[in-house]
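J.: What follows is protein-v1.cif, made up of mmCIF, N, CA and C atoms:
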data_coords
#
loop_
_atom_site.label_atom_id
_atom_site.label_comp_id
_atom_site.auth_asym_id
_atom_site.auth_seq_id
_atom_site.Cartn_x
_atom_site.Cartn_y
_atom_site.Cartn_z
N MET A 24 0.84 -1.17 0.00
CA MET A 24 0.00 0.00 0.00
C MET A 24 0.89 1.24 0.00
N SER A 25 0.52 2.23 -0.78
CA SER A 25 1.31 3.46 -0.84
C SER A 25 1.01 4.34 0.37
N PRO A 26 1.93 5.28 0.69
CA PRO A 26 1.69 6.18 1.83
C PRO A 26 0.41 6.98 1.62
N PHE A 27 -0.28 7.27 2.69
CA PHE A 27 -1.55 7.98 2.62
C PHE A 27 -1.53 9.10 3.65
N ASN A 28 -1.72 10.33 3.23
CA ASN A 28 -1.73 11.47 4.14
C ASN A 28 -3.15 11.76 4.58
N CYS A 29 -3.40 11.68 5.89
CA CYS A 29 -4.70 12.02 6.46
C CYS A 29 -4.60 13.39 7.10
N PHE A 30 -5.67 14.14 7.01
CA PHE A 30 -5.70 15.47 7.59
C PHE A 30 -6.85 15.56 8.59
N THR A 31 -6.69 16.38 9.60
CA THR A 31 -7.77 16.58 10.56
C THR A 31 -8.93 17.29 9.87
N SER A 32 -10.11 17.20 10.44
CA SER A 32 -11.33 17.81 9.93
C SER A 32 -11.74 17.24 8.58
N GLN A 33 -11.30 16.03 8.30
CA GLN A 33 -11.75 15.33 7.10
C GLN A 33 -12.23 13.95 7.51
N ASN A 34 -13.11 13.38 6.72
CA ASN A 34 -13.65 12.05 7.01
C ASN A 34 -13.13 11.05 5.99
N TYR A 35 -12.85 9.85 6.49
CA TYR A 35 -12.35 8.78 5.65
C TYR A 35 -13.13 7.51 5.92
N SER A 36 -13.40 6.76 4.88
CA SER A 36 -13.94 5.41 5.04
C SER A 36 -12.76 4.46 4.97
N VAL A 37 -12.63 3.64 6.00
CA VAL A 37 -11.51 2.70 6.06
C VAL A 37 -12.09 1.29 6.05
N TYR A 38 -11.72 0.53 5.06
CA TYR A 38 -12.12 -0.87 4.98
C TYR A 38 -10.94 -1.66 5.51
N ARG A 39 -11.18 -2.46 6.54
CA ARG A 39 -10.05 -3.05 7.25
C ARG A 39 -10.23 -4.53 7.49
N ILE A 40 -9.14 -5.12 7.88
CA ILE A 40 -9.09 -6.52 8.25
C ILE A 40 -8.60 -6.57 9.70
N VAL A 41 -9.32 -7.28 10.57
CA VAL A 41 -8.88 -7.43 11.95
C VAL A 41 -7.74 -8.44 11.95
N GLU A 42 -6.59 -8.00 12.40
CA GLU A 42 -5.38 -8.82 12.38
C GLU A 42 -5.17 -9.54 13.71
N ASP A 43 -5.43 -8.84 14.82
CA ASP A 43 -5.14 -9.40 16.13
C ASP A 43 -5.88 -8.59 17.19
N VAL A 44 -5.84 -9.06 18.42
CA VAL A 44 -6.43 -8.35 19.55
C VAL A 44 -5.32 -8.11 20.57
N PHE A 45 -5.23 -6.88 21.05
CA PHE A 45 -4.24 -6.51 22.06
C PHE A 45 -4.97 -6.31 23.38
N GLU A 46 -4.44 -6.90 24.44
CA GLU A 46 -4.95 -6.66 25.79
C GLU A 46 -3.80 -6.18 26.65
N GLY A 47 -4.07 -5.13 27.41
CA GLY A 47 -3.03 -4.59 28.28
C GLY A 47 -3.65 -3.77 29.38
N GLU A 48 -2.78 -3.21 30.19
CA GLU A 48 -3.22 -2.42 31.34
C GLU A 48 -2.67 -1.01 31.19
N ASN A 49 -3.52 -0.01 31.45
CA ASN A 49 -3.03 1.36 31.36
C ASN A 49 -2.40 1.78 32.69
N ALA A 50 -1.96 3.02 32.78
CA ALA A 50 -1.25 3.52 33.96
C ALA A 50 -2.13 3.54 35.21
N PHE A 51 -3.45 3.49 35.03
CA PHE A 51 -4.37 3.51 36.17
C PHE A 51 -4.82 2.11 36.58
N GLY A 52 -4.30 1.11 35.90
CA GLY A 52 -4.64 -0.26 36.25
C GLY A 52 -5.85 -0.82 35.54
N ALA A 53 -6.46 -0.04 34.67
CA ALA A 53 -7.62 -0.54 33.92
C ALA A 53 -7.16 -1.45 32.79
N VAL A 54 -7.89 -2.52 32.58
CA VAL A 54 -7.58 -3.45 31.49
C VAL A 54 -8.21 -2.92 30.21
N LEU A 55 -7.38 -2.81 29.17
CA LEU A 55 -7.83 -2.30 27.88
C LEU A 55 -7.75 -3.41 26.84
N THR A 56 -8.72 -3.43 25.95
CA THR A 56 -8.72 -4.36 24.83
C THR A 56 -8.84 -3.53 23.56
N ALA A 57 -7.95 -3.75 22.62
CA ALA A 57 -7.96 -2.99 21.37
C ALA A 57 -7.72 -3.94 20.20
N LEU A 58 -8.39 -3.64 19.09
CA LEU A 58 -8.19 -4.44 17.89
C LEU A 58 -7.02 -3.89 17.09
N LEU A 59 -6.17 -4.77 16.59
CA LEU A 59 -5.12 -4.38 15.67
C LEU A 59 -5.70 -4.63 14.27
N THR A 60 -5.89 -3.55 13.53
CA THR A 60 -6.48 -3.68 12.20
C THR A 60 -5.50 -3.18 11.15
N LEU A 61 -5.58 -3.75 10.01
CA LEU A 61 -4.80 -3.32 8.86
C LEU A 61 -5.76 -2.75 7.83
N ALA A 62 -5.45 -1.56 7.33
CA ALA A 62 -6.31 -0.93 6.34
C ALA A 62 -6.13 -1.62 5.00
N ASP A 63 -7.25 -2.05 4.45
CA ASP A 63 -7.25 -2.66 3.13
C ASP A 63 -7.45 -1.57 2.07
N THR A 64 -8.42 -0.67 2.34
CA THR A 64 -8.72 0.44 1.44
C THR A 64 -9.06 1.66 2.27
N ILE A 65 -8.57 2.82 1.87
CA ILE A 65 -8.91 4.08 2.53
C ILE A 65 -9.42 5.03 1.45
N GLU A 66 -10.63 5.58 1.70
CA GLU A 66 -11.22 6.52 0.75
C GLU A 66 -11.65 7.78 1.47
N LYS A 67 -11.34 8.94 0.89
CA LYS A 67 -11.80 10.20 1.46
C LYS A 67 -13.30 10.32 1.19
N THR A 68 -14.04 10.74 2.20
CA THR A 68 -15.48 10.90 2.06
C THR A 68 -15.90 12.16 2.80
N ASP A 69 -17.19 12.42 2.86
CA ASP A 69 -17.69 13.55 3.64
C ASP A 69 -18.58 13.04 4.76
N TYR A 70 -18.89 13.92 5.69
CA TYR A 70 -19.67 13.54 6.87
C TYR A 70 -21.02 12.96 6.48
N GLN A 71 -21.70 13.62 5.54
CA GLN A 71 -23.03 13.20 5.17
C GLN A 71 -23.05 11.78 4.62
N THR A 72 -22.11 11.44 3.79
CA THR A 72 -22.04 10.11 3.20
C THR A 72 -21.66 9.08 4.24
N ALA A 73 -20.72 9.42 5.11
CA ALA A 73 -20.21 8.47 6.08
C ALA A 73 -21.18 8.20 7.23
N PHE A 74 -21.92 9.21 7.68
CA PHE A 74 -22.69 9.06 8.91
C PHE A 74 -24.19 9.27 8.78
N ALA A 75 -24.61 10.28 8.06
CA ALA A 75 -26.03 10.62 8.05
C ALA A 75 -26.42 11.22 6.70
N SER A 76 -26.77 10.36 5.77
CA SER A 76 -27.16 10.83 4.44
C SER A 76 -28.46 11.63 4.52
N ALA A 77 -28.50 12.71 3.77
CA ALA A 77 -29.70 13.55 3.75
C ALA A 77 -30.82 12.83 3.00
N LYS A 78 -31.99 12.80 3.62
CA LYS A 78 -33.18 12.25 2.97
C LYS A 78 -33.83 13.30 2.09
N LYS A 79 -33.63 14.59 2.49
CA LYS A 79 -34.19 15.69 1.73
C LYS A 79 -33.28 16.90 1.88
N THR A 80 -33.08 17.62 0.80
CA THR A 80 -32.29 18.86 0.81
C THR A 80 -33.17 19.99 0.32
N ILE A 81 -33.20 21.08 1.07
CA ILE A 81 -33.99 22.26 0.72
C ILE A 81 -33.02 23.40 0.45
N ASP A 82 -32.92 23.84 -0.79
CA ASP A 82 -32.06 24.97 -1.15
C ASP A 82 -32.85 26.25 -0.93
N LEU A 83 -32.33 27.12 -0.07
CA LEU A 83 -33.07 28.33 0.28
C LEU A 83 -32.44 29.61 -0.26
N LYS A 84 -31.20 29.84 0.11
CA LYS A 84 -30.51 31.09 -0.20
C LYS A 84 -31.30 32.29 0.33
N GLU A 85 -31.90 32.14 1.52
CA GLU A 85 -32.65 33.20 2.18
C GLU A 85 -31.67 34.11 2.93
N LYS A 86 -31.86 35.43 2.82
CA LYS A 86 -30.95 36.38 3.44
C LYS A 86 -31.70 37.29 4.41
N GLN A 87 -31.05 37.60 5.51
CA GLN A 87 -31.53 38.59 6.47
C GLN A 87 -30.39 39.58 6.70
N ASN A 88 -30.71 40.86 6.69
CA ASN A 88 -29.72 41.88 6.92
C ASN A 88 -30.19 42.76 8.07
N GLN A 89 -29.34 42.89 9.09
CA GLN A 89 -29.69 43.73 10.23
C GLN A 89 -28.46 44.55 10.63
N HIS A 90 -28.56 45.85 10.42
CA HIS A 90 -27.51 46.79 10.81
C HIS A 90 -26.14 46.43 10.22
N GLY A 91 -26.13 45.91 9.00
CA GLY A 91 -24.87 45.58 8.34
C GLY A 91 -24.36 44.18 8.57
N TYR A 92 -25.09 43.39 9.35
CA TYR A 92 -24.74 41.97 9.53
C TYR A 92 -25.69 41.15 8.67
N ARG A 93 -25.13 40.32 7.80
CA ARG A 93 -25.95 39.51 6.91
C ARG A 93 -25.84 38.03 7.28
N LEU A 94 -26.98 37.39 7.38
CA LEU A 94 -27.03 35.95 7.60
C LEU A 94 -27.76 35.33 6.41
N THR A 95 -27.10 34.40 5.74
CA THR A 95 -27.71 33.72 4.61
C THR A 95 -27.88 32.25 4.97
N VAL A 96 -29.11 31.76 4.93
CA VAL A 96 -29.37 30.33 5.09
C VAL A 96 -29.29 29.75 3.69
N GLN A 97 -28.21 29.00 3.42
CA GLN A 97 -27.97 28.50 2.08
C GLN A 97 -28.81 27.27 1.77
N LYS A 98 -28.81 26.32 2.70
CA LYS A 98 -29.62 25.11 2.49
C LYS A 98 -29.86 24.41 3.81
N ILE A 99 -30.85 23.53 3.81
CA ILE A 99 -31.18 22.71 4.96
C ILE A 99 -31.19 21.26 4.49
N GLU A 100 -30.53 20.39 5.25
CA GLU A 100 -30.53 18.96 4.94
C GLU A 100 -31.21 18.21 6.08
N LEU A 101 -32.16 17.37 5.73
CA LEU A 101 -32.89 16.57 6.70
C LEU A 101 -32.43 15.12 6.59
N ALA A 102 -31.92 14.57 7.69
CA ALA A 102 -31.52 13.17 7.76
C ALA A 102 -32.40 12.47 8.79
N ASP A 103 -32.24 11.16 8.92
CA ASP A 103 -33.07 10.41 9.86
C ASP A 103 -32.92 10.90 11.30
N GLU A 104 -31.70 11.18 11.71
CA GLU A 104 -31.44 11.50 13.12
C GLU A 104 -30.94 12.92 13.35
N GLU A 105 -30.84 13.73 12.31
CA GLU A 105 -30.33 15.09 12.50
C GLU A 105 -30.79 16.00 11.38
N THR A 106 -30.67 17.31 11.65
CA THR A 106 -30.96 18.35 10.67
C THR A 106 -29.72 19.23 10.57
N ARG A 107 -29.29 19.50 9.36
CA ARG A 107 -28.12 20.36 9.14
C ARG A 107 -28.57 21.64 8.43
N VAL A 108 -28.15 22.78 8.95
CA VAL A 108 -28.46 24.06 8.34
C VAL A 108 -27.14 24.71 7.95
N TYR A 109 -27.00 25.05 6.70
CA TYR A 109 -25.78 25.68 6.18
C TYR A 109 -26.02 27.18 6.11
N VAL A 110 -25.23 27.93 6.89
CA VAL A 110 -25.39 29.38 6.93
C VAL A 110 -24.07 30.07 6.60
N LYS A 111 -24.21 31.28 6.14
CA LYS A 111 -23.05 32.15 5.90
C LYS A 111 -23.33 33.45 6.63
N VAL A 112 -22.39 33.91 7.43
CA VAL A 112 -22.53 35.15 8.18
C VAL A 112 -21.50 36.14 7.64
N THR A 113 -21.97 37.32 7.29
CA THR A 113 -21.09 38.36 6.74
C THR A 113 -21.24 39.62 7.57
N ASN A 114 -20.12 40.23 7.91
CA ASN A 114 -20.10 41.47 8.66
C ASN A 114 -19.66 42.59 7.72
N ASP A 115 -20.61 43.44 7.33
CA ASP A 115 -20.31 44.56 6.44
C ASP A 115 -20.04 45.85 7.20
N THR A 116 -19.77 45.74 8.50
CA THR A 116 -19.48 46.92 9.31
C THR A 116 -18.02 46.89 9.76
N SER A 117 -17.60 47.93 10.41
CA SER A 117 -16.25 47.95 10.98
C SER A 117 -16.24 47.41 12.41
N ASP A 118 -17.43 47.06 12.93
CA ASP A 118 -17.54 46.50 14.27
C ASP A 118 -17.16 45.03 14.27
N LYS A 119 -16.72 44.54 15.44
CA LYS A 119 -16.43 43.12 15.58
C LYS A 119 -17.74 42.38 15.82
N ASN A 120 -17.84 41.19 15.27
CA ASN A 120 -19.04 40.38 15.40
C ASN A 120 -18.63 38.93 15.53
N SER A 121 -19.35 38.19 16.37
CA SER A 121 -19.06 36.76 16.54
C SER A 121 -20.34 35.97 16.33
N PHE A 122 -20.20 34.83 15.71
CA PHE A 122 -21.33 33.91 15.52
C PHE A 122 -20.86 32.54 15.98
N TYR A 123 -21.55 31.98 16.95
CA TYR A 123 -21.19 30.69 17.51
C TYR A 123 -22.26 29.67 17.16
N SER A 124 -21.88 28.65 16.42
CA SER A 124 -22.87 27.65 16.00
C SER A 124 -23.42 26.86 17.18
N PHE A 125 -22.67 26.72 18.27
CA PHE A 125 -23.16 25.96 19.41
C PHE A 125 -24.27 26.70 20.16
N ASN A 126 -24.43 28.00 19.90
CA ASN A 126 -25.53 28.76 20.50
C ASN A 126 -26.77 28.77 19.61
N THR A 127 -26.70 28.17 18.46
CA THR A 127 -27.78 28.22 17.49
C THR A 127 -28.88 27.22 17.86
N ARG A 128 -30.13 27.64 17.72
CA ARG A 128 -31.28 26.78 18.00
C ARG A 128 -32.25 26.82 16.84
N ILE A 129 -32.88 25.71 16.57
CA ILE A 129 -33.95 25.64 15.57
C ILE A 129 -35.26 25.55 16.33
N ILE A 130 -36.17 26.44 16.01
CA ILE A 130 -37.48 26.44 16.65
C ILE A 130 -38.51 25.99 15.62
N VAL A 131 -39.22 24.92 15.95
CA VAL A 131 -40.21 24.35 15.05
C VAL A 131 -41.59 24.73 15.54
N ASN A 132 -42.43 25.23 14.65
CA ASN A 132 -43.80 25.64 14.96
C ASN A 132 -43.83 26.62 16.13
N GLY A 133 -42.84 27.51 16.19
CA GLY A 133 -42.72 28.40 17.33
C GLY A 133 -43.38 29.69 17.16
#
Show me, as structure tokens, the structure contained in the file I just sent.

T.:
Amino acid sequence: MSPFNCFTSQNYSVYRIVEDVFEGENAFGAVLTALLTLADTIEKTDYQTAFASAKKTIDLKEKQNQHGYRLTVQKIELADEETRVYVKVTNDTSDKNSFYSFNTRIIVNG
């Protein structure tokens, strides 16, 4: 197999063969069991394909502008166990602005 460069923030599908099982003890005395696997094939993929394929995609390109801050909802993807909203935030002012995705909430029928 040729060398393969993996990068953080990327998803890969790894098709592997279980070669052996390792059992050992860590520094705290806990017994650990780990599989030794050999990669047969490695393919770069995306999150949606690897974990949660969209059942429906809604392309919106809806924009809201408030005091020079623009939020564009580009699209919404609906999967079995999750909803993904793709947004773009633009600051057209000289003021500092922060947008944190972990503070974002979706309100349904609200």

J.: Suppose a student applies the PyMOL selection byres ((chain A and resi 108) around 6.5) to this structure; what residues should they get, written as a count of residues only?

T.: 8

J.: Could you write out, as a VMD selection string, all the residues of chain A that DSSP marks as strand (DSSP E or B)?

T.: chain A and resid 34 to 48 54 to 68 79 to 89 92 to 101 106 to 114

J.: Tell me, which residues of segment 27-84 of chain A carry DSSP helix (DSSP H, G or I), written as a PDB file with N, CA and C atoms, in the coordinates of the input?

T.:
ATOM      1  N   TYR A  70     -18.890  13.920   5.690  1.00  0.00           N
ATOM      2  CA  TYR A  70     -19.670  13.540   6.870  1.00  0.00           C
ATOM      3  C   TYR A  70     -21.020  12.960   6.480  1.00  0.00           C
ATOM      4  N   GLN A  71     -21.700  13.620   5.540  1.00  0.00           N
ATOM      5  CA  GLN A  71     -23.030  13.200   5.170  1.00  0.00           C
ATOM      6  C   GLN A  71     -23.050  11.780   4.620  1.00  0.00           C
ATOM      7  N   THR A  72     -22.110  11.440   3.790  1.00  0.00           N
ATOM      8  CA  THR A  72     -22.040  10.110   3.200  1.00  0.00           C
ATOM      9  C   THR A  72     -21.660   9.080   4.240  1.00  0.00           C
ATOM     10  N   ALA A  73     -20.720   9.420   5.110  1.00  0.00           N
ATOM     11  CA  ALA A  73     -20.210   8.470   6.080  1.00  0.00           C
ATOM     12  C   ALA A  73     -21.180   8.200   7.230  1.00  0.00           C
TER      13      ALA A  73
END

J.: Pull out every residue that the PyMOL selection byres ((chain A and resi 58) around 5) matches in the shown coordinates and put them as a CSV table (one decimal) with N, CA and C atoms, in the frame of the given file.

T.:
chain,number,residue,atom,x,y,z
A,43,ASP,N,-5.4,-8.8,14.8
A,43,ASP,CA,-5.1,-9.4,16.1
A,43,ASP,C,-5.9,-8.6,17.2
A,44,VAL,N,-5.8,-9.1,18.4
A,44,VAL,CA,-6.4,-8.4,19.6
A,44,VAL,C,-5.3,-8.1,20.6
A,45,PHE,N,-5.2,-6.9,21.0
A,45,PHE,CA,-4.2,-6.5,22.1
A,45,PHE,C,-5.0,-6.3,23.4
A,56,THR,N,-8.7,-3.4,26.0
A,56,THR,CA,-8.7,-4.4,24.8
A,56,THR,C,-8.8,-3.5,23.6
A,57,ALA,N,-8.0,-3.8,22.6
A,57,ALA,CA,-8.0,-3.0,21.4
A,57,ALA,C,-7.7,-3.9,20.2
A,59,LEU,N,-6.2,-4.8,16.6
A,59,LEU,CA,-5.1,-4.4,15.7
A,59,LEU,C,-5.7,-4.6,14.3
A,60,THR,N,-5.9,-3.6,13.5
A,60,THR,CA,-6.5,-3.7,12.2
A,60,THR,C,-5.5,-3.2,11.2

J.: When the PyMOL selection byres ((chain A and resi 103) around 6.5) is applied to the structure above, which residues does it catch, written out as a PDB file with N, CA and C atoms, keeping the file's coordinate frame?

T.:
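Result went into expr16.pdb, see below:
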ATOM      1  N   ALA A  75     -24.610  10.280   8.060  1.00  0.00           N
ATOM      2  CA  ALA A  75     -26.030  10.620   8.050  1.00  0.00           C
ATOM      3  C   ALA A  75     -26.420  11.220   6.700  1.00  0.00           C
ATOM      4  N   SER A  76     -26.770  10.360   5.770  1.00  0.00           N
ATOM      5  CA  SER A  76     -27.160  10.830   4.440  1.00  0.00           C
ATOM      6  C   SER A  76     -28.460  11.630   4.520  1.00  0.00           C
ATOM      7  N   ALA A  77     -28.500  12.710   3.770  1.00  0.00           N
ATOM      8  CA  ALA A  77     -29.700  13.550   3.750  1.00  0.00           C
ATOM      9  C   ALA A  77     -30.820  12.830   3.000  1.00  0.00           C
ATOM     10  N   LYS A  78     -31.990  12.800   3.620  1.00  0.00           N
ATOM     11  CA  LYS A  78     -33.180  12.250   2.970  1.00  0.00           C
ATOM     12  C   LYS A  78     -33.830  13.300   2.090  1.00  0.00           C
ATOM     13  N   LEU A 101     -32.160  17.370   5.730  1.00  0.00           N
ATOM     14  CA  LEU A 101     -32.890  16.570   6.700  1.00  0.00           C
ATOM     15  C   LEU A 101     -32.430  15.120   6.590  1.00  0.00           C
ATOM     16  N   ALA A 102     -31.920  14.570   7.690  1.00  0.00           N
ATOM     17  CA  ALA A 102     -31.520  13.170   7.760  1.00  0.00           C
ATOM     18  C   ALA A 102     -32.400  12.470   8.790  1.00  0.00           C
ATOM     19  N   GLU A 104     -31.700  11.180  11.710  1.00  0.00           N
ATOM     20  CA  GLU A 104     -31.440  11.500  13.120  1.00  0.00           C
ATOM     21  C   GLU A 104     -30.940  12.920  13.350  1.00  0.00           C
ATOM     22  N   GLU A 105     -30.840  13.730  12.310  1.00  0.00           N
ATOM     23  CA  GLU A 105     -30.330  15.090  12.500  1.00  0.00           C
ATOM     24  C   GLU A 105     -30.790  16.000  11.380  1.00  0.00           C
TER      25      GLU A 105
END

J.: Work out how far apart atom C of His90 of chain A and atom CA of Gly133 of chain A are and give it in Å to one decimal.

T.: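 Separating atom C of His90 of chain A from atom CA of Gly133 of chain A is a distance of 25.5 Å.
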
J.: In Å to one decimal, how far is atom CA of Asn126 of chain A from atom N of Gly91 of chain A?

T.: 20.7 Å

J.: With 6 Å as the threshold, what does the neighbourhood of (-7.1, -1.1, 7.9) contain in terms of residues, counting only C-alpha atoms? Coordinates are those of the file; answer as a PyMOL selection string.

T.: chain A and resi 38-40+60-63

J.: If you measure from atom C of Thr68 of chain A to atom N of Arg128 of chain A, what distance in Å do you get, rounded to one decimal?

T.: 25.8 Å

J.: For Lys67 of chain A, which residue among A:Asn114, A:Asn132, A:Ser36, A:Ser121 is the nearest when counting only C-alpha atoms?

T.: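 When distances to Lys67 of chain A are compared using only C-alpha atoms, the smallest one comes from A:Ser36.
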
J.: Please give the centre and size of the box around segment 35-53 of chain A (axis-aligned, containing every atom listed in the file, 5 Å added per side), with values in Å to one decimal and written as AutoDock Vina command-line options.

T.:
--center_x -7.6 --center_y 0.2 --center_z 20.7 --size_x 22.7 --size_y 29.4 --size_z 41.7

J.: Can you list, as a compact mmCIF listing (two decimals) with N, CA and C atoms, keeping the file's coordinate frame, every protein, DNA or RNA residue that comes within 8 Å of Tyr92 of chain A when you count all atoms listed in the file, leaving out same-chain residues fewer than 2 positions away?

T.:
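Resulting contents of selection-v3.txt:
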# COMPACT_ATOMS: atom_id res chain seq x y z
N GLN A 87 -31.05 37.60 5.51
CA GLN A 87 -31.53 38.59 6.47
C GLN A 87 -30.39 39.58 6.70
N ASN A 88 -30.71 40.86 6.69
CA ASN A 88 -29.72 41.88 6.92
C ASN A 88 -30.19 42.76 8.07
N GLN A 89 -29.34 42.89 9.09
CA GLN A 89 -29.69 43.73 10.23
C GLN A 89 -28.46 44.55 10.63
N HIS A 90 -28.56 45.85 10.42
CA HIS A 90 -27.51 46.79 10.81
C HIS A 90 -26.14 46.43 10.22
N LEU A 94 -26.98 37.39 7.38
CA LEU A 94 -27.03 35.95 7.60
C LEU A 94 -27.76 35.33 6.41
N THR A 95 -27.10 34.40 5.74
CA THR A 95 -27.71 33.72 4.61
C THR A 95 -27.88 32.25 4.97
N VAL A 112 -22.39 33.91 7.43
CA VAL A 112 -22.53 35.15 8.18
C VAL A 112 -21.50 36.14 7.64
N THR A 113 -21.97 37.32 7.29
CA THR A 113 -21.09 38.36 6.74
C THR A 113 -21.24 39.62 7.57
N ASN A 114 -20.12 40.23 7.91
CA ASN A 114 -20.10 41.47 8.66
C ASN A 114 -19.66 42.59 7.72
N ASP A 115 -20.61 43.44 7.33
CA ASP A 115 -20.31 44.56 6.44
C ASP A 115 -20.04 45.85 7.20
N THR A 116 -19.77 45.74 8.50
CA THR A 116 -19.48 46.92 9.31
C THR A 116 -18.02 46.89 9.76

J.: When distances are computed from only N, CA and C atoms, which of A:Ile81, A:Ile129, A:Ala53, A:Val37 shows the smallest separation from Ile65 of chain A?

T.: A:Val37

J.: Can you spit out segment 88-109 of chain A with C-alpha atoms, as a PDB file, in the first residue's frame, from the structure just given?

T.:
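And here's selection38.pdb as it stands now:
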ATOM      1  CA  ASN A  88     -29.716  41.884   6.916  1.00  0.00           C
ATOM      2  CA  GLN A  89     -29.687  43.729  10.228  1.00  0.00           C
ATOM      3  CA  HIS A  90     -27.506  46.792  10.811  1.00  0.00           C
ATOM      4  CA  GLY A  91     -24.872  45.585   8.343  1.00  0.00           C
ATOM      5  CA  TYR A  92     -24.742  41.973   9.531  1.00  0.00           C
ATOM      6  CA  ARG A  93     -25.953  39.513   6.908  1.00  0.00           C
ATOM      7  CA  LEU A  94     -27.028  35.946   7.601  1.00  0.00           C
ATOM      8  CA  THR A  95     -27.710  33.720   4.610  1.00  0.00           C
ATOM      9  CA  VAL A  96     -29.367  30.335   5.091  1.00  0.00           C
ATOM     10  CA  GLN A  97     -27.967  28.498   2.081  1.00  0.00           C
ATOM     11  CA  LYS A  98     -29.625  25.114   2.487  1.00  0.00           C
ATOM     12  CA  ILE A  99     -31.182  22.705   4.961  1.00  0.00           C
ATOM     13  CA  GLU A 100     -30.532  18.955   4.945  1.00  0.00           C
ATOM     14  CA  LEU A 101     -32.887  16.568   6.705  1.00  0.00           C
ATOM     15  CA  ALA A 102     -31.515  13.166   7.757  1.00  0.00           C
ATOM     16  CA  ASP A 103     -33.074  10.415   9.863  1.00  0.00           C
ATOM     17  CA  GLU A 104     -31.436  11.501  13.119  1.00  0.00           C
ATOM     18  CA  GLU A 105     -30.330  15.089  12.497  1.00  0.00           C
ATOM     19  CA  THR A 106     -30.961  18.350  10.674  1.00  0.00           C
ATOM     20  CA  ARG A 107     -28.124  20.364   9.141  1.00  0.00           C
ATOM     21  CA  VAL A 108     -28.462  24.061   8.342  1.00  0.00           C
ATOM     22  CA  TYR A 109     -25.783  25.675   6.184  1.00  0.00           C
TER      23      TYR A 109
END
